[in-house]
$ cat upload-v1.pdb   # PDB, C-alpha atoms, pLDDT in the B column
ATOM      1  CA  MET A   1     -57.609  15.097 -27.519  1.00 49.00           C
ATOM      2  CA  ALA A   2     -55.310  13.740 -24.881  1.00 51.00           C
ATOM      3  CA  ASP A   3     -54.873  15.645 -21.695  1.00 51.00           C
ATOM      4  CA  LYS A   4     -51.487  17.176 -21.270  1.00 54.00           C
ATOM      5  CA  ALA A   5     -49.585  15.680 -18.392  1.00 53.00           C
ATOM      6  CA  GLU A   6     -48.698  18.037 -15.624  1.00 55.00           C
ATOM      7  CA  PRO A   7     -45.031  18.969 -15.405  1.00 54.00           C
ATOM      8  CA  LYS A   8     -43.149  16.503 -13.338  1.00 58.00           C
ATOM      9  CA  GLY A   9     -40.996  17.513 -10.412  1.00 58.00           C
ATOM     10  CA  LYS A  10     -37.275  16.973 -10.259  1.00 59.00           C
ATOM     11  CA  ASP A  11     -37.679  13.668  -8.390  1.00 59.00           C
ATOM     12  CA  ASP A  12     -40.498  12.351 -10.637  1.00 63.00           C
ATOM     13  CA  VAL A  13     -38.441  12.243 -13.829  1.00 62.00           C
ATOM     14  CA  GLN A  14     -38.187   8.762 -15.314  1.00 65.00           C
ATOM     15  CA  PRO A  15     -34.659   7.574 -16.123  1.00 62.00           C
ATOM     16  CA  ARG A  16     -33.821   7.883 -19.781  1.00 66.00           C
ATOM     17  CA  ARG A  17     -33.329   4.644 -21.680  1.00 64.00           C
ATOM     18  CA  LEU A  18     -30.026   4.357 -23.487  1.00 63.00           C
ATOM     19  CA  ASN A  19     -31.112   1.620 -25.958  1.00 70.00           C
ATOM     20  CA  ARG A  20     -27.667   0.109 -25.884  1.00 74.00           C
ATOM     21  CA  ALA A  21     -25.524  -2.091 -23.719  1.00 78.00           C
ATOM     22  CA  VAL A  22     -23.959  -0.112 -20.901  1.00 72.00           C
ATOM     23  CA  GLY A  23     -20.811  -1.062 -19.039  1.00 76.00           C
ATOM     24  CA  VAL A  24     -20.894  -1.563 -15.308  1.00 74.00           C
ATOM     25  CA  GLY A  25     -18.617   1.436 -14.719  1.00 70.00           C
ATOM     26  CA  GLU A  26     -20.895   3.755 -16.661  1.00 71.00           C
ATOM     27  CA  ALA A  27     -24.051   2.421 -15.015  1.00 70.00           C
ATOM     28  CA  LEU A  28     -22.612   2.704 -11.513  1.00 71.00           C
ATOM     29  CA  GLY A  29     -21.128   6.100 -12.271  1.00 68.00           C
ATOM     30  CA  ASN A  30     -24.513   7.458 -13.299  1.00 71.00           C
ATOM     31  CA  ALA A  31     -25.991   6.155 -10.060  1.00 75.00           C
ATOM     32  CA  ILE A  32     -23.158   7.318  -7.785  1.00 78.00           C
ATOM     33  CA  ASP A  33     -22.561  10.805  -9.209  1.00 77.00           C
ATOM     34  CA  PRO A  34     -25.718  12.418  -7.730  1.00 78.00           C
ATOM     35  CA  ALA A  35     -24.877  11.055  -4.277  1.00 76.00           C
ATOM     36  CA  LEU A  36     -21.311  12.377  -4.532  1.00 78.00           C
ATOM     37  CA  LYS A  37     -22.545  15.801  -5.663  1.00 79.00           C
ATOM     38  CA  LYS A  38     -24.643  16.015  -2.489  1.00 80.00           C
ATOM     39  CA  ARG A  39     -21.437  15.415  -0.502  1.00 80.00           C
ATOM     40  CA  GLY A  40     -19.660  18.272  -2.336  1.00 76.00           C
ATOM     41  CA  PHE A  41     -17.629  16.275  -4.859  1.00 78.00           C
ATOM     42  CA  ALA A  42     -17.796  17.625  -8.421  1.00 78.00           C
ATOM     43  CA  SER A  43     -16.752  14.255  -9.822  1.00 77.00           C
ATOM     44  CA  ARG A  44     -15.811  10.838  -8.500  1.00 77.00           C
ATOM     45  CA  ASP A  45     -12.079  11.298  -9.193  1.00 81.00           C
ATOM     46  CA  LEU A  46     -11.169  12.088  -5.597  1.00 82.00           C
ATOM     47  CA  VAL A  47     -13.042   9.077  -4.230  1.00 84.00           C
ATOM     48  CA  SER A  48     -12.119   6.529  -6.894  1.00 84.00           C
ATOM     49  CA  ASN A  49      -8.426   7.481  -7.084  1.00 86.00           C
ATOM     50  CA  TRP A  50      -7.932   7.956  -3.340  1.00 89.00           C
ATOM     51  CA  PRO A  51      -5.382   5.121  -2.919  1.00 89.00           C
ATOM     52  CA  ALA A  52      -3.229   6.618  -5.686  1.00 91.00           C
ATOM     53  CA  MET A  53      -3.219  10.197  -4.427  1.00 90.00           C
ATOM     54  CA  ALA A  54      -3.125   9.909  -0.625  1.00 91.00           C
ATOM     55  CA  PRO A  55       0.262   9.442   1.039  1.00 91.00           C
ATOM     56  CA  ALA A  56       0.954   6.227   2.936  1.00 88.00           C
ATOM     57  CA  PRO A  57      -0.490   5.117   5.401  1.00 89.00           C
ATOM     58  CA  TYR A  58      -3.498   7.402   4.853  1.00 89.00           C
ATOM     59  CA  ASP A  59      -4.346   5.712   1.560  1.00 88.00           C
ATOM     60  CA  LYS A  60      -5.462   2.650   3.557  1.00 88.00           C
ATOM     61  CA  VAL A  61      -6.749   4.096   6.843  1.00 90.00           C
ATOM     62  CA  THR A  62      -8.777   7.066   5.574  1.00 91.00           C
ATOM     63  CA  ARG A  63     -11.566   7.639   3.083  1.00 90.00           C
ATOM     64  CA  PRO A  64     -12.958  10.904   1.655  1.00 91.00           C
ATOM     65  CA  ASP A  65     -16.321  11.685   3.229  1.00 90.00           C
ATOM     66  CA  LYS A  66     -17.279  15.229   2.246  1.00 90.00           C
ATOM     67  CA  LEU A  67     -15.910  18.290   0.487  1.00 88.00           C
ATOM     68  CA  SER A  68     -16.967  21.715   1.812  1.00 87.00           C
ATOM     69  CA  TRP A  69     -16.456  24.748  -0.387  1.00 83.00           C
ATOM     70  CA  PRO A  70     -16.085  28.295   0.987  1.00 82.00           C
ATOM     71  CA  ARG A  71     -19.312  30.291   0.759  1.00 80.00           C
ATOM     72  CA  GLY A  72     -19.814  33.520  -1.061  1.00 73.00           C
ATOM     73  CA  GLU A  73     -16.569  33.612  -3.002  1.00 68.00           C
ATOM     74  CA  LYS A  74     -16.695  32.965  -6.727  1.00 64.00           C
ATOM     75  CA  GLY A  75     -13.845  30.771  -7.877  1.00 61.00           C
ATOM     76  CA  ALA A  76     -12.543  30.352  -4.347  1.00 60.00           C
ATOM     77  CA  GLU A  77      -9.894  27.705  -4.047  1.00 72.00           C
ATOM     78  CA  GLY A  78      -9.105  25.652  -1.033  1.00 82.00           C
ATOM     79  CA  ALA A  79     -12.016  23.464  -0.032  1.00 88.00           C
ATOM     80  CA  VAL A  80     -12.146  21.630   3.285  1.00 91.00           C
ATOM     81  CA  LEU A  81     -11.854  17.864   2.868  1.00 91.00           C
ATOM     82  CA  HIS A  82     -13.513  15.801   5.584  1.00 92.00           C
ATOM     83  CA  LEU A  83     -12.005  12.324   5.929  1.00 92.00           C
ATOM     84  CA  SER A  84     -13.329   9.282   7.768  1.00 92.00           C
ATOM     85  CA  CYS A  85     -10.350   7.914   9.596  1.00 91.00           C
ATOM     86  CA  HIS A  86      -9.409   4.743  11.408  1.00 89.00           C
ATOM     87  CA  PRO A  87      -9.503   5.617  15.132  1.00 86.00           C
ATOM     88  CA  GLY A  88      -5.848   4.709  15.679  1.00 86.00           C
ATOM     89  CA  HIS A  89      -4.662   7.201  13.046  1.00 89.00           C
ATOM     90  CA  ALA A  90      -6.873  10.187  13.881  1.00 90.00           C
ATOM     91  CA  LEU A  91      -4.280  12.064  15.955  1.00 91.00           C
ATOM     92  CA  ALA A  92      -1.557  11.589  13.340  1.00 92.00           C
ATOM     93  CA  LEU A  93      -3.931  12.753  10.608  1.00 91.00           C
ATOM     94  CA  GLN A  94      -4.661  15.951  12.533  1.00 92.00           C
ATOM     95  CA  HIS A  95      -0.945  16.723  12.593  1.00 93.00           C
ATOM     96  CA  GLU A  96      -0.253  15.677   9.003  1.00 93.00           C
ATOM     97  CA  GLY A  97      -3.358  17.130   7.385  1.00 92.00           C
ATOM     98  CA  GLN A  98      -1.340  19.624   5.340  1.00 94.00           C
ATOM     99  CA  ARG A  99       0.810  16.797   3.949  1.00 94.00           C
ATOM    100  CA  VAL A 100      -2.350  14.974   2.804  1.00 93.00           C
ATOM    101  CA  ALA A 101      -3.725  18.206   1.279  1.00 94.00           C
ATOM    102  CA  ALA A 102      -0.428  18.836  -0.521  1.00 94.00           C
ATOM    103  CA  ALA A 103      -0.442  15.303  -1.976  1.00 94.00           C
ATOM    104  CA  ILE A 104      -3.990  15.747  -3.304  1.00 91.00           C
ATOM    105  CA  ASN A 105      -3.202  19.172  -4.752  1.00 91.00           C
ATOM    106  CA  ARG A 106      -0.082  17.724  -6.400  1.00 92.00           C
ATOM    107  CA  TYR A 107      -2.188  14.952  -7.933  1.00 90.00           C
ATOM    108  CA  PHE A 108      -4.690  17.391  -9.449  1.00 87.00           C
ATOM    109  CA  GLY A 109      -2.112  20.037 -10.313  1.00 89.00           C
ATOM    110  CA  TYR A 110      -3.898  22.971  -8.673  1.00 87.00           C
ATOM    111  CA  LEU A 111      -5.019  24.131  -5.240  1.00 88.00           C
ATOM    112  CA  LEU A 112      -8.130  22.070  -4.543  1.00 86.00           C
ATOM    113  CA  ILE A 113      -7.803  21.244  -0.845  1.00 90.00           C
ATOM    114  CA  GLY A 114      -6.955  23.974   1.620  1.00 90.00           C
ATOM    115  CA  GLN A 115      -7.578  22.086   4.824  1.00 91.00           C
ATOM    116  CA  VAL A 116      -8.157  18.511   6.001  1.00 93.00           C
ATOM    117  CA  ARG A 117     -10.478  17.688   8.884  1.00 93.00           C
ATOM    118  CA  ILE A 118     -11.576  14.441  10.467  1.00 91.00           C
ATOM    119  CA  SER A 119     -15.190  13.479   9.818  1.00 89.00           C
ATOM    120  CA  ALA A 120     -17.469  12.164  12.514  1.00 84.00           C
ATOM    121  CA  THR A 121     -18.586   9.199  10.418  1.00 82.00           C
ATOM    122  CA  PRO A 122     -17.032   5.946  11.620  1.00 80.00           C
ATOM    123  CA  PHE A 123     -14.436   4.217   9.517  1.00 77.00           C
ATOM    124  CA  PRO A 124     -15.322   0.592   8.765  1.00 75.00           C
ATOM    125  CA  ILE A 125     -12.605  -1.624  10.157  1.00 67.00           C
ATOM    126  CA  GLU A 126     -12.147  -4.769   8.114  1.00 67.00           C
ATOM    127  CA  ASP A 127     -11.072  -7.797  10.075  1.00 64.00           C
ATOM    128  CA  THR A 128      -8.723  -9.800   7.922  1.00 66.00           C
ATOM    129  CA  VAL A 129      -8.605 -13.430   8.922  1.00 61.00           C
ATOM    130  CA  PRO A 130      -5.328 -15.056   7.954  1.00 63.00           C
ATOM    131  CA  GLU A 131      -5.731 -17.856   5.463  1.00 67.00           C
ATOM    132  CA  THR A 132      -5.002 -21.241   6.966  1.00 69.00           C
ATOM    133  CA  ILE A 133      -2.750 -23.387   4.830  1.00 68.00           C
ATOM    134  CA  PRO A 134      -2.815 -27.122   5.472  1.00 74.00           C
ATOM    135  CA  ALA A 135       0.458 -28.779   6.456  1.00 82.00           C
ATOM    136  CA  LEU A 136       2.451 -30.543   3.777  1.00 86.00           C
ATOM    137  CA  PRO A 137       2.084 -34.311   3.614  1.00 89.00           C
ATOM    138  CA  GLU A 138       5.073 -36.263   4.901  1.00 90.00           C
ATOM    139  CA  VAL A 139       5.625 -37.787   1.426  1.00 91.00           C
ATOM    140  CA  THR A 140       6.114 -34.302  -0.069  1.00 91.00           C
ATOM    141  CA  ARG A 141       8.479 -33.247   2.729  1.00 91.00           C
ATOM    142  CA  ALA A 142      10.571 -36.415   2.224  1.00 93.00           C
ATOM    143  CA  ARG A 143      10.730 -35.877  -1.539  1.00 93.00           C
ATOM    144  CA  ILE A 144      11.934 -32.268  -1.072  1.00 92.00           C
ATOM    145  CA  SER A 145      14.539 -33.399   1.493  1.00 91.00           C
ATOM    146  CA  ARG A 146      15.873 -36.079  -0.909  1.00 92.00           C
ATOM    147  CA  VAL A 147      16.288 -33.518  -3.684  1.00 92.00           C
ATOM    148  CA  VAL A 148      18.158 -30.936  -1.555  1.00 92.00           C
ATOM    149  CA  GLU A 149      20.335 -33.350   0.473  1.00 92.00           C
ATOM    150  CA  ARG A 150      22.981 -33.319  -2.280  1.00 90.00           C
ATOM    151  CA  VAL A 151      23.711 -29.629  -1.644  1.00 90.00           C
ATOM    152  CA  GLU A 152      26.885 -29.266   0.474  1.00 91.00           C
ATOM    153  CA  ASP A 153      26.342 -25.811   2.022  1.00 93.00           C
ATOM    154  CA  PRO A 154      23.906 -26.145   4.985  1.00 91.00           C
ATOM    155  CA  GLY A 155      22.578 -22.557   4.598  1.00 92.00           C
ATOM    156  CA  VAL A 156      21.814 -23.028   0.910  1.00 92.00           C
ATOM    157  CA  ARG A 157      20.334 -26.479   1.609  1.00 93.00           C
ATOM    158  CA  GLU A 158      17.935 -25.068   4.215  1.00 93.00           C
ATOM    159  CA  ALA A 159      16.968 -22.166   1.941  1.00 93.00           C
ATOM    160  CA  LEU A 160      16.214 -24.574  -0.906  1.00 93.00           C
ATOM    161  CA  ARG A 161      14.174 -26.781   1.458  1.00 93.00           C
ATOM    162  CA  GLU A 162      12.088 -23.778   2.537  1.00 91.00           C
ATOM    163  CA  LEU A 163      11.651 -22.704  -1.098  1.00 92.00           C
ATOM    164  CA  GLY A 164      10.528 -26.192  -2.126  1.00 92.00           C
ATOM    165  CA  GLN A 165       8.046 -26.370   0.755  1.00 90.00           C
ATOM    166  CA  ALA A 166       6.659 -22.922  -0.071  1.00 89.00           C
ATOM    167  CA  MET A 167       6.199 -23.904  -3.718  1.00 89.00           C
ATOM    168  CA  ALA A 168       4.477 -27.154  -2.708  1.00 89.00           C
ATOM    169  CA  LYS A 169       2.126 -25.244  -0.341  1.00 85.00           C
ATOM    170  CA  LYS A 170       1.299 -22.787  -3.126  1.00 82.00           C
ATOM    171  CA  LYS A 171       0.330 -25.699  -5.394  1.00 81.00           C
ATOM    172  CA  MET A 172      -1.985 -27.028  -2.655  1.00 76.00           C
ATOM    173  CA  ARG A 173      -4.072 -23.851  -2.585  1.00 69.00           C
TER     174      ARG A 173
END
$ encode --input "upload-v1.pdb" --output "structure tokens"
Amino acid sequence: MADKAEPKGKDDVQPRRLNRAVGVGEALGNAIDPALKKRGFASRDLVSNWPAMAPAPYDKVTRPDKLSWPRGEKGAEGAVLHLSCHPGHALALQHEGQRVAAAINRYFGYLLIGQVRISATPFPIEDTVPETIPALPEVTRARISRVVERVEDPGVREALRELGQAMAKKKMR
């Protein structure tokens, strides 16, 4: 008779096989949800829909970090949302925290966020390097100039020249 295996702990449980193809969203969601629950989020809606619910410019310069619920009160509303914030916007966020909370509550349709605080975790600043576009060849510039030289109005002629050059640069990409 086979020995009965000892009960496994919460961390020793093997992941259940689904025996079917799983989409990337579902697979990532199953992996991300436990981490979000540890940070106080009941679901990933607040994190995944942050750009849609946060007012400008906070949709780009902040990110939800943690959600703290009041202790001891059953059904208490008004959690504290901790946001990682770009350093240049931290002071403005402190003053406009209620506006951010109101926008989130409006999105969900009930009082979810009572207060907004700035988290101590650093906000990753992405350096965007402007894309360099090569200059147009002289042959292309001459061809565009020949086409627009028939236009009498100098303002319209220059606007058409700029439009033609922009279209030619877009084709080069």
$ atom_distance --input "upload-v1.pdb" --atom1 "CA of Leu163 in chain A" --atom2 "CA of Arg143 in chain A"
13.2 Å
$ atom_distance --input "upload-v1.pdb" --atom1 "CA of Ala90 in chain A" --atom2 "CA of Ile118 in chain A"
7.2 Å
$ closest_residue --input "upload-v1.pdb" --among "A:Val116, A:Leu46, A:Ala79, A:Ala168" --to "Glu96 in chain A" --atoms "all atoms listed in the file"
A:Val116
$ resolve_selection --input "upload-v1.pdb" --expression "the PyMOL selection byres ((chain A and resi 164) around 10)" --output "short mmCIF file (atom, residue, chain, number, x, y, z; two decimals) with C-alpha atoms, keeping the file's coordinate frame"
data_model
loop_
_atom_site.label_atom_id
_atom_site.label_comp_id
_atom_site.auth_asym_id
_atom_site.auth_seq_id
_atom_site.Cartn_x
_atom_site.Cartn_y
_atom_site.Cartn_z
CA THR A 140 6.11 -34.30 -0.07
CA ARG A 141 8.48 -33.25 2.73
CA ARG A 143 10.73 -35.88 -1.54
CA ILE A 144 11.93 -32.27 -1.07
CA SER A 145 14.54 -33.40 1.49
CA VAL A 147 16.29 -33.52 -3.68
CA VAL A 148 18.16 -30.94 -1.56
CA GLU A 158 17.93 -25.07 4.22
CA ALA A 159 16.97 -22.17 1.94
CA LEU A 160 16.21 -24.57 -0.91
CA ARG A 161 14.17 -26.78 1.46
CA GLU A 162 12.09 -23.78 2.54
CA LEU A 163 11.65 -22.70 -1.10
CA GLN A 165 8.05 -26.37 0.76
CA ALA A 166 6.66 -22.92 -0.07
CA MET A 167 6.20 -23.90 -3.72
CA ALA A 168 4.48 -27.15 -2.71
CA LYS A 169 2.13 -25.24 -0.34
CA LYS A 170 1.30 -22.79 -3.13
#
$ axis_aligned_box --input "upload-v1.pdb" --around "range 77-80 of chain A" --padding-each-side "3 Å" --output "JSON"
{"center_x": -10.6, "center_y": 24.7, "center_z": -0.4, "size_x": 9.0, "size_y": 12.1, "size_z": 13.3}
$ atom_distance --input "upload-v1.pdb" --atom1 "CA of Ser48 in chain A" --atom2 "CA of Arg106 in chain A"
16.4 Å
$ residues_around --input "upload-v1.pdb" --residues "range 107-114 of chain A" --least-positions-apart "6" --cutoff "7 Å" --atoms "all atoms listed in the file" --output "mmCIF file with C-alpha atoms, in the coordinates of the input"
data_model
loop_
_atom_site.group_PDB
_atom_site.id
_atom_site.type_symbol
_atom_site.label_atom_id
_atom_site.label_comp_id
_atom_site.auth_asym_id
_atom_site.auth_seq_id
_atom_site.Cartn_x
_atom_site.Cartn_y
_atom_site.Cartn_z
ATOM 1 C CA MET A 53 -3.219 10.197 -4.427
ATOM 2 C CA GLU A 77 -9.894 27.705 -4.047
ATOM 3 C CA GLY A 78 -9.105 25.652 -1.033
ATOM 4 C CA ALA A 79 -12.016 23.464 -0.032
ATOM 5 C CA VAL A 80 -12.146 21.630 3.285
ATOM 6 C CA LEU A 81 -11.854 17.864 2.868
ATOM 7 C CA ALA A 101 -3.725 18.206 1.279
#
$ resolve_selection --input "upload-v1.pdb" --expression "the PyMOL selection byres ((chain A and resi 54-67) around 9)" --output "ChimeraX atom specification"
/A:36,38-41,46-47,49-53,68-69,79-89,93,99-101,103-104,107,113,119,121,123,125
